Each structure stands twice: as structure tokens, then as C-alpha cells.
Amino acid sequence: MLTVRGVSKRYGSVLANDGIDLTLNAGEVHALLGENGAGKSTLSKIIYGYTRPDAGEILLGGEPARLRSPRDARALGIGMVFQNFMLIPALSVLENVALFLKDLPLVLDQEGIAGRIRAIGGRFGLQVDPHALVRQLSVGDRQKVEILKLLLAEARILIFDEPTKVLAPHEVEGLFQVFAALKAEGYAILFITHKLREVVACADRITVLRQGRVAGGFGPGEAQVGTLVKMMFGESGGEAPAAMAPVGGGTQPILELRGASARGAGSETTLQGLNLTIHEGEVLGLAGVSGSGQKELGDLILGLRPLTGGNRWFRGEDASSWSIARLRERGVAFVPEDALAMAAVPGMSVRENLSLGTGAVYRRGLAVDWRALEAAMGASFEALAFPMPPLDSPIAALSGGNLQRVVIAREMAHGPSLIIALYPTRGLDARSAASVRDLLRRARDGGAGVLFISEDLEELAEMSDRLLVLFQGALVGEFPRGSWRLEDVGRLMTGSEEVAGV
Amino acid sequence: MSETALRPILRHTLVAGAALALFSAILLVAGKNPLQAAADSFRSMASVYGFSELLVRMTPLILTAVAVALPSRLGLINVGGEGQLYMGAWMATAGALWFPPLPRWAMLPLVAAMGFLGGALWAAIPGILRAAKLVNETIATLLLNYVAPLIVSYSIFGPWKALGSSAYPESPAYPDAALLPTFFETRVHGGLILALVALLAYWLLVDKTRWGLQMRAIGGNAEAAQRLGIPVAVFLVAALALGGGMAGLAGMGEAMGVHGRLRQGLSPGFGFTGFLIAWLAGGRPLGILFMAFLFAIITAAGDTLQITQGLPFSVVNILLAMILFIVLARRPGASR
Amino acid sequence: MMTPLALGVLAGAVLSGTSLLYATLGETLVERSGIVNLGLEGVLLMGASVGFTVTAVTGNPWIGLAAAALTGGLANALFGWLVVLRKANQLASGLAMMFFGFGLSALVGAPHVGAVIVGLPKWRPAWLAALPWVSASTLFNYDLLTWLALPVALLVWWVLFKTRWGLGVRAVGESPGAAYASGRNPAVLQFQALGFGGVLAGLAGAHLSLSLTLTWAEYMTAGRGFIAIALVIFSKWNPLRAVAGALLFGGAEALQLQLQARGSLISPFILDMMPYVLTLLVLLAWGGSRRLAAPAGLGRTFFGSE
């Protein structure tokens, strides 16, 4: 149905795609497997017309396809489900679908469209209320709307860019059933992922990418996990999760929430009566599906969000009404998901960014004592074995990993006793992510408490000494290390089981 | 002068030239003679007195520009300089009329402080509303512009109405001790020195202190600033109040330095012009000085147009708009 | 029993509410497409001035009205050139439009200050005039723009929420990226919304000079443009709610005029503050809840496809 022939694409010095060949057949799920940076998204962008290849071509039904824009791709029946859905939250499901209909009349026929949504939804297991606002839908339902949109816009080739990343385990099952239904009706599906187990579970054909090249391909039933791993990571076997014993975990509590509540405005999640304790020398993992209140909980601990009930205790003192500045002075540090958005000021230099959040530590009269600051930060970079970027360069010019390092060096400069890590590895390449995880572990070994918030269960399992599960703003489960099964955690995350664990 | 210093001046001259050409075209269409208008304007400025009048005009413009530039460091858009100016004049008048007779050395700082306070309190209202995330400061400062002159009108038609001058509503003349000194037989008054000191203080604050850095952090990324422990809400209110105080000083200067009493129509849009100056200067202190002088020339030309061509004074707003249009169209998106 | 004061206020509310409503509807359309025109005040002034001048010259208020509508459309097209094509900052461009309106309206209107014009004709249906407490008042004695105000509000609502074009405009206002992905050109839709919005703003200005006051005076809009922008927020970007808002604010204005006409003891300056203070109070009361209703892409510049 669709053939990729010899596609290459270069970004600067990086060869993102290097002579890639791939064939996508009708009625098949074709998995595109590879670690971050292997060239999966570049290839999908080329197929979808977002980016044009430097060399090579895309054939549709044997004919070379002219793909100069996503519009061309859609006209040819190619649709894409993005990681960040292209939906408009303020509009209804119906309106979102209608936007992409090819035969939309001048005056909207709302009931007619709703009927079509229900019909297609019933056929493929994509039931959603057409009149609901997308804003009110769960992530899983939003994905259904995204698929409905493509089907109603008459796409025959569907590209899914890491669709399972945002889903809970049982929702993943549902998605695979949708795949099966689509397959049965002759749709072609390109399934991009880096999760081996899923590939083995649902793919008919597998293409593995490594460093921009096709490392191997498998027909139905040929693939084995062991071979796939080798192909993905090369002979070294990649960064297999280091099995690590829990470091005893101090018993000294650093921070405690007692019945803490915080009202959430608008799309935020309300936190209800949370009890949790973070001890010295432990990584406390926090699991939950997207939007369960993780960010709100992190902000509550950081003092960003006022408590509407309950208390926050810090090292035996009632810190319920402490300001952010005071908590930071006492050694609370923050490692965010998107450093440029949450912990750095884009218009400033590296040096200026390093000075932010240090309160009045480095002062000279009313001005900043830059020399003392540079000395302290230099020491912090050294202790972390990070290369120090040029202090005068604009922070926005740094790569994601280097930016994260600047933020971490700043946060670590004063020996923090508590680190709130909010999705700290998101958007980082595999190597940078591993180094961030390693760093947090080292801080833990040094006696700091770490609250590690993530939506990636495997990462949580690797990192946590203790695991809490958050669902709709309440803590619904707690597991000491080694006592959890991912299935149970997944069920709790999605509210399909009552409080369990210890 | 180095080449890098010359380039912005060249650019500004080009922009001004293009705007003048467009403005001339509009005047031509309206049946006026732009060359005559230019000649008249030039003649009126090319004397010692004419030049001194430019300095008089420049005084409130520097202050209202700082009133905008200071909060803009935090990403705040203060379009309320006009109202803050009126409230500064109003509070200063209240001081001058209510304080017991004092010697000048005591009276002047007191009325100046009152003027500052008037503008600061007036600007603190939108500041607090913004910090509490209730009302956007742009719309609030704009609306308050319409209220402040009404308070002034109410006072001079009512409680402060000067006896014996019923034909023209105004407050009684201030005591001599409350009048700003003037220099060299011109109308240039002490407010100019105040304005220059304010500009210097603004430069020191934003460029040299930790607070200036923190203000930029808020302007660059308010969320990150908050997360890093900078008290964003306090800064928001303080910056708007401080800016409002500057505009209040401008009002005080006009009342105590130029008019000698409180009047309606104290400001022919100084607050708005100050916004343009600050914006065009990108908040840079020297730029503010340069632009304030340029705009003093333009508004002086507006006066000439009014007198010699029989055009309403506000026609000069077209020229301001032309300058803005050209600048806006030239720097896509990056503009603040 | 309707007192004369209440009748006067009601009649006045409708009359002064008319121009507010047109201005609010125009800005609603524009903001739904993701653009804030803070220069609405200037557009209103230009509409009022051009409408008055053309009427004074031609002696025909309908030609004046058409000229005002055209002026509004052109003014917004100029604004669109800046913010859509040149991607200029919307707030600064809006303020530039305000200055432009101040100046141009003064220039255009200056030769005709004090001119006597024939305004838009007013009439009321005979059956309404026959009602006992109506006949003695100015109630229901309206010009065409006032009679059409409610239907126009309904039309704008219908277009925005029930047509393909309206869906496109709202999509652009919420997410230009998604609208672009659906094969729409955000710039074209924004220009169209600006054009129609400008026509409505021009009509709003003309109603002031051609019906309400029958004069031209500099700055005669006295902040109505800003009140209308606040009304858009008040009505949560919904044309039908805008009707209630315009009536409320028209009522405040009318009440103040009626009180002054009746020799109220309250200073006229204090009464003059009412609309502005009321606007601020309304925004304050709405403060917390309005964020969800605002188009998500409002005020942001769309730089391309991604």
C-alpha cells in the first residue's frame, strides 16, 4: 500500500534517516521500533508530509506520492495520531471531527455528524459522546477522538506516534483491540514505539531502526525479544536497568503531609486529604496516569499552592504557611520536566539563570556578587562531573540535556535535603535520562529525600524505594520496594481497584 | 562615535522620516500644506525660548515613559499613565492646600511625595487586581484613565473650586512654597531635574540590582520565577505602584511647575505618549531620553498645527500612529 | 406601574446600548479568531467621524452609515495587516490603532464640528405606540440599527456556532495549529473575522453620531471601545450574553443621564464614573471564572505550521 524507498534526512551534522526502506501493507500492523533518537519521528514526519526527505521517495500504490505538506498526505488518505493530540479542548468531539470532514456543508448538520461518529465508533470500539467537550475527556477518550477524526476524514493509512505512552495498561489493551478491528477492515497501521512487549503483542511486521538506519525487519511471527533488544541497542545491550538494592532508607522524616488538601481551579486536580512522608535517603516514587494531580502535589510540597486543609511539616516544624523562598532556603530543590518552561528564564544568560532562586545568598550591597556565585556554581558542576557551559551564552541556546544539567547544578549547589523531581527525564534522550536518574540516586545515597514523579511505570520501578499511587487527587496505594506488581499498580492508577497495598 | 552607536540613530531617523512622509500625505489629502506646517513648526522651535519649551514638554514625558518601562520589565503593560498623572496632581494639590504654611524646603518634598503617592496608589489598584489574577492590568489601567480626570473635575468644580474665578473651573493657586522653581526666565522647572533623577534611579534599579534581575526573570518566565522563590505578586504590585508614582510625579510637575493650580486638561495625553516612548525605546534609559525629546518636538509641532493650520491638536496622534505602525510592521513578533 | 424615571432609563438603555452591542459583537467575532483589537476605541471614533462627515456632506444618513461601516472594515484590515501579516504585537498594534483613530477622526471631523445633520430616521410601530405608558416616552421609538441590534446578535451567534465558517474561526482562535492542520488558512479566516468585526464597529461608531447625539466631537466615544472590550469578557465571548451586557451598561449610562436631567444632588462627575467603575467591578467579579471561556489562542501570534 505504502512503500518507503531509500529515504534520507540530515539535520545539521546528524543523519536522522539514512536510506530507509519500509513497506506498509493493507490489513497489517507494522511496528517501527527504536530507542529515542533512532529516527522514528523523522521518518513518520516525512511520510506525513511535515518534512521533506533529502533523498529517496514514498510510493503509494506503486506511484510516487507528492507529499509537500500534511494536507497532501491527508488528501492521499494518510492520517497521523500525534503524541500531543491535535485536538481543540474547548470544542466538542463533534466539532473537532467536523473540522476535518472533507464534505462539511456550509451550515453544520450536527445530528448527521453525531450519527456518523456513533456509527464508526460502534464499528471499531471507539465509543465517545459526540457532544462532550474534549476538555472533559480522559486521555484515552481523546485518543479515540483523534482516531475517529482520521477515519471520518477517510484516511486508510494510520500512523500512531507512541500512542501507548499516555495510556494506562488496560487502555493499551483497548487500543490493540481497535488495531485489530481496523486491520480486519483493511486499514494499514504504522505503530511507532520503543516498548518491546507491545510490539510483540500486536505487530504483524516489525522494522527496527538504530541510529537512522534500518537495523532489521521481521515478518509475522519471526521476532524474538532477545534479537530485538540487540538490534535496538547494538551489541552492547543498551542501558539495562541496573538491579539495585534499596539503600536502607533513613527513618528520619524530612517532609510530611498530614491530611493535606488543595483546591484545584479550572483544569487542575483537587487534592484531598493526602498523608505522605518523605524520609532521608529514600526515593519515593509517585505513580499515576496523566492529570491525577502529580503536578499539583509537587507544587503543594514546593509551597506554590496554598493548603486549603491539613498541614505540611518540614523536619518537625509546621511549615504549612512557609513561602517557596523559605522552603528553598531550608534545602528543598526542584528538578522539573521542562526546564526551559518551569525553572529557567529563556531571555537570560546561563550565568543569570544560575543566580535565580539563590535568594540573597550571593549579594554585594543591592547587587549580585557574581564572583562568589560563579565559584559556588563551578564547584557544583564539578561535583556532578558536568561540563560547565559558557556562562555568557543564552540559556535557550543549550540542548535539552545541557539545560537540565544547568538546572540540576543550580539546585544541587547548596546540598539539598529534599528534591522534588517532576517528570525529570521527559523529553531527554536515553543517555541524558539515564544520567539524571543516576544523579538522583546519588543524591539519595548522600542522604537526601527524593520525590520522584513519573508516568513511566518501568522507570518508577527502577528508581523507587517506595511507591505511592495517585488517582484523581487522592493517594490510593502504597508499596514498599519489591512488593509491587506492575499490573496492580496500573489498576490502581486507573481507579479500577479499591485501595490496596500496605 | 562608533558604527554600532550610529546605526540605531540612523534607523530611528529613517523611521521618523517615513512616518513624516505618510503624515504629510494625509495632511495633503486633507487639503493642508505640510511644508508650510513643517516650516512653521521649525520656526517656533528654533529659538532659545522654543528650545526651552521642548524641555518643558519633555519633563512629563520622561516620567510617564519610566512609568511604563519599569512595570514592562515584568511583562506588565501599564497603559494608565494618564490617570496616574492626574491622581498625582490631585494628591499633590491636596497636600499643597491642606498642609499648614511651611517653608519651601519642607513643602516641596512633601508635595512631591504626595504626587508620587497619588500615582502609586492609583496604579496599585490594577497591580493588586493583576497579582490576584482577577483583572488583566492592561484593561484595568485603561479604564482607570477615564476615572481619574473625573475625580479632578469633581474636586475643582466642588470642594476646591477657587472663589472669584467661576468662569474657568480651577483650584486656588498654590502657596508659593509649593511651586517648583523655574530656571533662567523660562518655564523649565525643577520637575526636569526630578525626571532625570528618576531616569537614573530607574537605570540603576533595573540594570544594577538583584531586584532588577528578579524583575527580568518574572518578565521572562513568571512561572519559573515563582518556582524559584521570587515573590512574584509582591513584585507585580510594587512595580506598578512605583511606575504609577513616576507618572504621579509628572502630574505634580505639571501642576506645581507649569500651571500653578489644578486644572482640567492638565495633560494632553502625556500618559499615552509616554507609553509610546517607553515602547519605542525598548525600556533603555538613553533611548527614553532621546525619544522623549523627539516626541516633545512632535507634540510641539501639534501645537503649531493647531495654531497656524486650524487643525485639532489631536491630529498629531496620526503622526504618532504612523511611527508606531512602521516600527510594528518592521520588527515582526519580537516586539513587546 | 412604570415611573417616568424607569421608562426613561429603559428607553435610554436601549439607545445607548445599541452602539455598545454592535461594538461588542464586532470585537467578539475578532477575538473568537484569536485576535484582540485594543484599538476598538479608535475604530469607533473613525466610524462616528466618517459617518457624521459623509452625512453632513451628502445630507443622507444612509450613505454616512455605509461609509462608517466601510471605514470600520478598512481600519480592521489595516490592523490585520499589522498583526496577521506582519505578526506585530497585538496589544501595541491596538494602541497604535487607538492613536490613529484619535487623530484621523479629529482630522476628518474638524471641518464639520457643529454642523446640523438629519440623523437616522426613527419610528415605532403603531400598535406599540398605542400602549398607554409607552406613548408618552421615547420607548420603542428607534432607528433601524437599534431595531436590528437583537437580530444581528442572533445572526452573529448563529454564524459562529452553527456554520462551517464559524467553526473555522473558532478553531483558529483556539488553536491556529489545529486549524491549519485541518486545511484552513488561519490568516484568511482572521482577516475575514476582522473585516466583519470592523464593519460592526464602524456601525457602532456611526450610531453614536448619527442617532444618539447628532453631533461630532473629538473623543466623543469616551471609552466605549474599552467598555465594549470588557463586555466581551463579561459575556464570555458569547454574542447572546453580550445583549444582556450591553443593556446593563447602556442602562448605567441612561440612569446617569436621567439623574442629571432631573437635577440629582450627586455630582455629575461622580455619575460619569459609573460605567468605568461598573466595568471594573464586573471584570473583578468574573475574574476567576473567565479563563476557561477565553479562546486559547487569544493574543498569541501564529508563526507557521508547527
# chains A, B, ... in the order shown; residues from 1 in each chain; ligands from 1
>>> interface_residues(of="chain C", to="chain B", cutoff="8 Å", atoms="only C-alpha atoms", output="ChimeraX atom specification")
/C:82,86-89,92-93,96-97,99-104,106-108,110,222-223,226-227,230,267,269-270,272-273,276-277,280,283-288,301
>>> write_last_selection(atoms="N, CA and C atoms", output="short mmCIF file (atom, residue, chain, number, x, y, z; two decimals), in the first residue's frame")
data_model
loop_
_atom_site.label_atom_id
_atom_site.label_comp_id
_atom_site.auth_asym_id
_atom_site.auth_seq_id
_atom_site.Cartn_x
_atom_site.Cartn_y
_atom_site.Cartn_z
N LEU C 82 -1.07 44.48 10.18
CA LEU C 82 -0.01 44.52 11.20
C LEU C 82 0.10 43.20 11.95
N ARG C 86 2.14 40.99 9.31
CA ARG C 86 3.45 41.39 9.81
C ARG C 86 3.76 40.75 11.17
N LYS C 87 2.77 40.05 11.72
CA LYS C 87 2.94 39.36 13.01
C LYS C 87 3.37 40.31 14.12
N ALA C 88 2.86 41.53 14.09
CA ALA C 88 3.22 42.50 15.11
C ALA C 88 2.48 42.19 16.41
N ASN C 89 3.03 42.67 17.49
CA ASN C 89 2.41 42.52 18.80
C ASN C 89 1.00 43.10 18.80
N ALA C 92 0.29 46.31 21.34
CA ALA C 92 0.90 47.55 20.87
C ALA C 92 0.22 48.02 19.59
N SER C 93 -0.10 47.09 18.69
CA SER C 93 -0.77 47.48 17.46
C SER C 93 -2.15 48.07 17.77
N ALA C 96 -1.71 51.52 18.84
CA ALA C 96 -1.40 52.35 17.68
C ALA C 96 -2.69 52.68 16.92
N MET C 97 -3.57 51.69 16.79
CA MET C 97 -4.86 51.93 16.13
C MET C 97 -5.66 52.97 16.89
N PHE C 99 -4.49 55.48 18.70
CA PHE C 99 -3.94 56.80 18.38
C PHE C 99 -4.36 57.22 16.98
N PHE C 100 -4.28 56.28 16.06
CA PHE C 100 -4.64 56.57 14.68
C PHE C 100 -6.10 57.06 14.63
N GLY C 101 -6.96 56.36 15.36
CA GLY C 101 -8.37 56.74 15.38
C GLY C 101 -8.56 58.12 16.00
N PHE C 102 -7.87 58.38 17.12
CA PHE C 102 -7.94 59.71 17.73
C PHE C 102 -7.65 60.79 16.69
N GLY C 103 -6.52 60.60 16.00
CA GLY C 103 -6.04 61.63 15.08
C GLY C 103 -6.89 61.74 13.83
N LEU C 104 -7.14 60.60 13.19
CA LEU C 104 -7.85 60.65 11.92
C LEU C 104 -9.28 61.15 12.10
N ALA C 106 -10.34 63.18 14.33
CA ALA C 106 -10.29 64.63 14.57
C ALA C 106 -10.08 65.37 13.26
N LEU C 107 -9.18 64.83 12.43
CA LEU C 107 -8.88 65.48 11.15
C LEU C 107 -10.11 65.48 10.23
N VAL C 108 -10.77 64.32 10.14
CA VAL C 108 -11.91 64.19 9.24
C VAL C 108 -13.09 65.02 9.74
N ALA C 110 -13.09 67.66 11.82
CA ALA C 110 -12.88 69.06 12.18
C ALA C 110 -13.70 70.05 11.35
N ALA C 222 -15.67 58.40 24.34
CA ALA C 222 -15.43 58.44 25.78
C ALA C 222 -15.22 57.06 26.40
N GLY C 223 -14.40 56.25 25.78
CA GLY C 223 -14.06 54.98 26.40
C GLY C 223 -15.01 53.84 26.10
N PHE C 226 -13.35 50.64 25.08
CA PHE C 226 -12.76 49.82 26.14
C PHE C 226 -13.84 49.12 26.94
N ILE C 227 -14.97 49.82 27.12
CA ILE C 227 -16.08 49.17 27.82
C ILE C 227 -16.55 47.96 27.00
N ALA C 230 -14.32 45.10 27.54
CA ALA C 230 -14.64 44.49 28.83
C ALA C 230 -15.93 43.68 28.72
N SER C 267 -22.95 64.68 42.24
CA SER C 267 -22.16 65.39 41.24
C SER C 267 -22.17 64.64 39.92
N PHE C 269 -19.94 64.40 37.84
CA PHE C 269 -18.65 63.74 37.61
C PHE C 269 -18.62 62.37 38.26
N ILE C 270 -19.24 62.30 39.44
CA ILE C 270 -19.31 61.00 40.11
C ILE C 270 -20.15 60.05 39.27
N ASP C 272 -20.62 60.19 36.10
CA ASP C 272 -19.88 59.85 34.88
C ASP C 272 -18.93 58.68 35.08
N MET C 273 -18.48 58.50 36.32
CA MET C 273 -17.54 57.41 36.58
C MET C 273 -18.22 56.05 36.53
N TYR C 276 -17.32 53.13 34.01
CA TYR C 276 -15.95 52.60 34.11
C TYR C 276 -15.78 51.78 35.37
N VAL C 277 -16.32 52.32 36.46
CA VAL C 277 -16.19 51.59 37.72
C VAL C 277 -16.99 50.29 37.66
N LEU C 280 -15.10 47.73 35.72
CA LEU C 280 -14.03 47.15 36.52
C LEU C 280 -14.58 46.14 37.52
N LEU C 283 -15.56 42.96 35.74
CA LEU C 283 -14.38 42.16 35.41
C LEU C 283 -13.85 41.45 36.64
N LEU C 284 -13.90 42.17 37.76
CA LEU C 284 -13.41 41.63 39.02
C LEU C 284 -14.24 40.41 39.42
N ALA C 285 -15.55 40.58 39.33
CA ALA C 285 -16.44 39.50 39.74
C ALA C 285 -16.26 38.30 38.82
N TRP C 286 -15.94 38.58 37.57
CA TRP C 286 -15.79 37.50 36.59
C TRP C 286 -14.41 36.86 36.68
N GLY C 287 -13.49 37.64 37.27
CA GLY C 287 -12.07 37.31 37.27
C GLY C 287 -11.73 35.83 37.27
N GLY C 288 -12.14 35.12 38.32
CA GLY C 288 -11.68 33.75 38.47
C GLY C 288 -12.18 32.83 37.37
N THR C 301 0.58 35.17 18.65
CA THR C 301 0.87 35.27 17.23
C THR C 301 1.19 33.88 16.69
#
>>> residues_around(residues="Gln110 in chain A", least_positions_apart="6", cutoff="12 Å", atoms="only C-alpha atoms", output="ChimeraX atom specification")
/A:92-98,104,116-117,130-131 /C:161-164,167
>>> select_by_dssp(residues="range 105-302 of chain C", states="strand (DSSP E or B)", output="MDAnalysis selection string")
chainID C and resid 122:123 142:143 163
>>> closest_atom_pairs(of="chain A", to="chain B", cutoff="8 Å", atoms="only C-alpha atoms", output="tab-separated table")
residue	atom	partner	partner_atom	distance
A:Leu302	CA	B:Arg227	CA	7.8
A:Leu304	CA	B:Arg227	CA	6.9
A:Ser323	CA	B:Gly229	CA	7.6
A:Ile324	CA	B:Gly229	CA	4.8
A:Ala325	CA	B:Gly229	CA	4.1
A:Arg326	CA	B:Gly229	CA	7.9
A:Arg328	CA	B:Gly229	CA	7.2
A:Ala341	CA	B:Ala224	CA	6.7
A:Met342	CA	B:Ala224	CA	4.6
A:Ala343	CA	B:Ala224	CA	4.5
A:Ala344	CA	B:Ala224	CA	5.8
A:Val345	CA	B:Asn221	CA	5.2
A:Pro346	CA	B:Gly220	CA	6.5
A:Gly347	CA	B:Gly220	CA	6.0
A:Met348	CA	B:Ala217	CA	7.9
A:Glu352	CA	B:Leu213	CA	7.8
A:Leu356	CA	B:Leu228	CA	6.7
A:Gly357	CA	B:Leu228	CA	4.4
A:Thr358	CA	B:Leu228	CA	7.9
A:Gly359	CA	B:Gly229	CA	7.5
A:Arg363	CA	B:Arg210	CA	7.9
A:Leu366	CA	B:Thr209	CA	5.1
A:Ala367	CA	B:Thr209	CA	4.2
A:Val368	CA	B:Arg210	CA	5.6
>>> write_last_selection(atoms="C-alpha atoms", output="short mmCIF file (atom, residue, chain, number, x, y, z; two decimals), in the first residue's frame")
data_model
loop_
_atom_site.label_atom_id
_atom_site.label_comp_id
_atom_site.auth_asym_id
_atom_site.auth_seq_id
_atom_site.Cartn_x
_atom_site.Cartn_y
_atom_site.Cartn_z
CA LEU A 302 7.14 23.23 46.99
CA LEU A 304 3.50 27.03 45.29
CA SER A 323 6.78 30.57 51.42
CA ILE A 324 8.60 28.98 48.49
CA ALA A 325 11.65 31.08 49.28
CA ARG A 326 11.72 29.81 52.87
CA ARG A 328 14.12 26.61 49.30
CA ALA A 341 9.45 26.41 30.88
CA MET A 342 9.49 25.75 34.59
CA ALA A 343 12.90 26.57 36.02
CA ALA A 344 14.77 28.89 33.67
CA VAL A 345 14.23 32.24 32.02
CA PRO A 346 14.76 31.93 28.27
CA GLY A 347 15.85 35.53 27.69
CA MET A 348 18.70 35.32 30.20
CA GLU A 352 21.94 34.98 35.23
CA LEU A 356 17.94 32.89 40.18
CA GLY A 357 16.42 31.19 43.14
CA THR A 358 19.52 31.58 45.25
CA GLY A 359 17.72 34.21 47.28
CA ARG A 363 24.88 39.62 47.37
CA LEU A 366 21.98 45.68 46.34
CA ALA A 367 23.74 43.88 43.51
CA VAL A 368 24.63 40.24 42.91
#
>>> interface_residues(of="chain A", to="chain C", cutoff="9 Å", atoms="only C-alpha atoms", output="PDB file with C-alpha atoms, in the first residue's frame")
ATOM      1  CA  TYR A  50       5.669  17.601   7.562  1.00  0.00           C
ATOM      2  CA  PRO A  70       0.338  17.286   5.726  1.00  0.00           C
ATOM      3  CA  ARG A  71      -2.508  18.445   3.551  1.00  0.00           C
ATOM      4  CA  MET A  86      -4.083  17.868  17.730  1.00  0.00           C
ATOM      5  CA  LEU A  87      -7.452  18.392  19.377  1.00  0.00           C
ATOM      6  CA  ILE A  88      -9.071  21.623  20.484  1.00  0.00           C
ATOM      7  CA  PRO A  89     -10.112  21.156  24.130  1.00  0.00           C
ATOM      8  CA  ALA A  90     -12.701  23.937  24.107  1.00  0.00           C
ATOM      9  CA  LEU A  91     -14.646  22.404  21.229  1.00  0.00           C
ATOM     10  CA  GLU A  95     -16.768  19.952  16.244  1.00  0.00           C
ATOM     11  CA  ASN A  96     -13.275  18.534  16.376  1.00  0.00           C
ATOM     12  CA  ALA A  98     -16.243  18.168  11.760  1.00  0.00           C
ATOM     13  CA  LEU A  99     -13.175  20.367  11.247  1.00  0.00           C
ATOM     14  CA  PHE A 100     -11.532  17.540   9.352  1.00  0.00           C
ATOM     15  CA  LEU A 101     -14.518  16.271   7.356  1.00  0.00           C
ATOM     16  CA  LEU A 104     -18.617  19.548   5.545  1.00  0.00           C
ATOM     17  CA  PRO A 105     -21.605  21.646   4.352  1.00  0.00           C
ATOM     18  CA  LEU A 106     -21.783  25.421   4.864  1.00  0.00           C
ATOM     19  CA  VAL A 107     -24.275  25.029   7.670  1.00  0.00           C
ATOM     20  CA  LEU A 108     -23.305  22.320  10.141  1.00  0.00           C
ATOM     21  CA  ASP A 109     -25.529  19.253  10.255  1.00  0.00           C
ATOM     22  CA  GLN A 110     -24.811  18.431  13.868  1.00  0.00           C
ATOM     23  CA  ALA A 265      -9.045  25.694  39.773  1.00  0.00           C
ATOM     24  CA  GLY A 266     -10.180  25.076  36.231  1.00  0.00           C
ATOM     25  CA  SER A 267      -8.490  22.052  34.710  1.00  0.00           C
TER      26      SER A 267
END
>>> select_by_dssp(residues="range 161-256 of chain A", states="helix (DSSP H, G or I)", output="PyMOL selection string")
chain A and resi 169-184+196-202+225-233
>>> atom_distance(atom1="CA of Asp429 in chain A", atom2="CA of Leu354 in chain A")
23.4 Å
>>> atom_distance(atom1="CA of Gln309 in chain B", atom2="CA of Gly274 in chain B")
25.9 Å
>>> residues_around(residues="range 435-442 of chain A", least_positions_apart="4", cutoff="9 Å", atoms="only C-alpha atoms", output="VMD selection string")
chain A and resid 282 to 283 384 404 to 405 408 419 421 424 to 425 430 to 431 446 to 448 450 452 459 463
>>> residues_around(residues="Ile120 in chain A", least_positions_apart="4", cutoff="9 Å", atoms="only C-alpha atoms", output="MDAnalysis selection string")
chainID A and resid 115:116 124:127 148 151:152
>>> atom_distance(atom1="CA of Phe471 in chain A", atom2="CA of Gly281 in chain A")
25.7 Å
>>> residues_around(residues="range 77-81 of chain C", least_positions_apart="4", cutoff="8 Å", atoms="only C-alpha atoms", output="PyMOL selection string")
chain C and resi 37+73+85-86+93-94+97+190-191+194-195+198
>>> residues_around(residues="Gly64 in chain C", least_positions_apart="3", cutoff="8 Å", atoms="only C-alpha atoms", output="number ranges by chain")
C: 50-55, 58, 60-61, 67-68, 206
>>> residues_around(residues="Gly216 in chain A", least_positions_apart="2", cutoff="7 Å", atoms="only C-alpha atoms", output="list in words")
Thr207, Val208, Val214, Phe218 and Met231 of chain A
>>> write_last_selection(atoms="N, CA and C atoms", output="compact mmCIF listing (two decimals), in the first residue's frame")
# COMPACT_ATOMS: atom_id res chain seq x y z
N THR A 207 9.88 -3.28 11.92
CA THR A 207 11.11 -2.72 11.40
C THR A 207 11.83 -2.05 12.55
N VAL A 208 13.11 -2.41 12.75
CA VAL A 208 13.86 -1.81 13.86
C VAL A 208 14.81 -0.76 13.30
N VAL A 214 17.88 1.20 9.07
CA VAL A 214 17.10 0.01 9.36
C VAL A 214 18.07 -1.05 9.88
N PHE A 218 11.25 -7.93 10.41
CA PHE A 218 10.71 -9.24 10.73
C PHE A 218 9.30 -9.36 10.16
N MET A 231 19.11 -5.59 18.34
CA MET A 231 19.01 -4.71 17.19
C MET A 231 18.80 -3.26 17.58
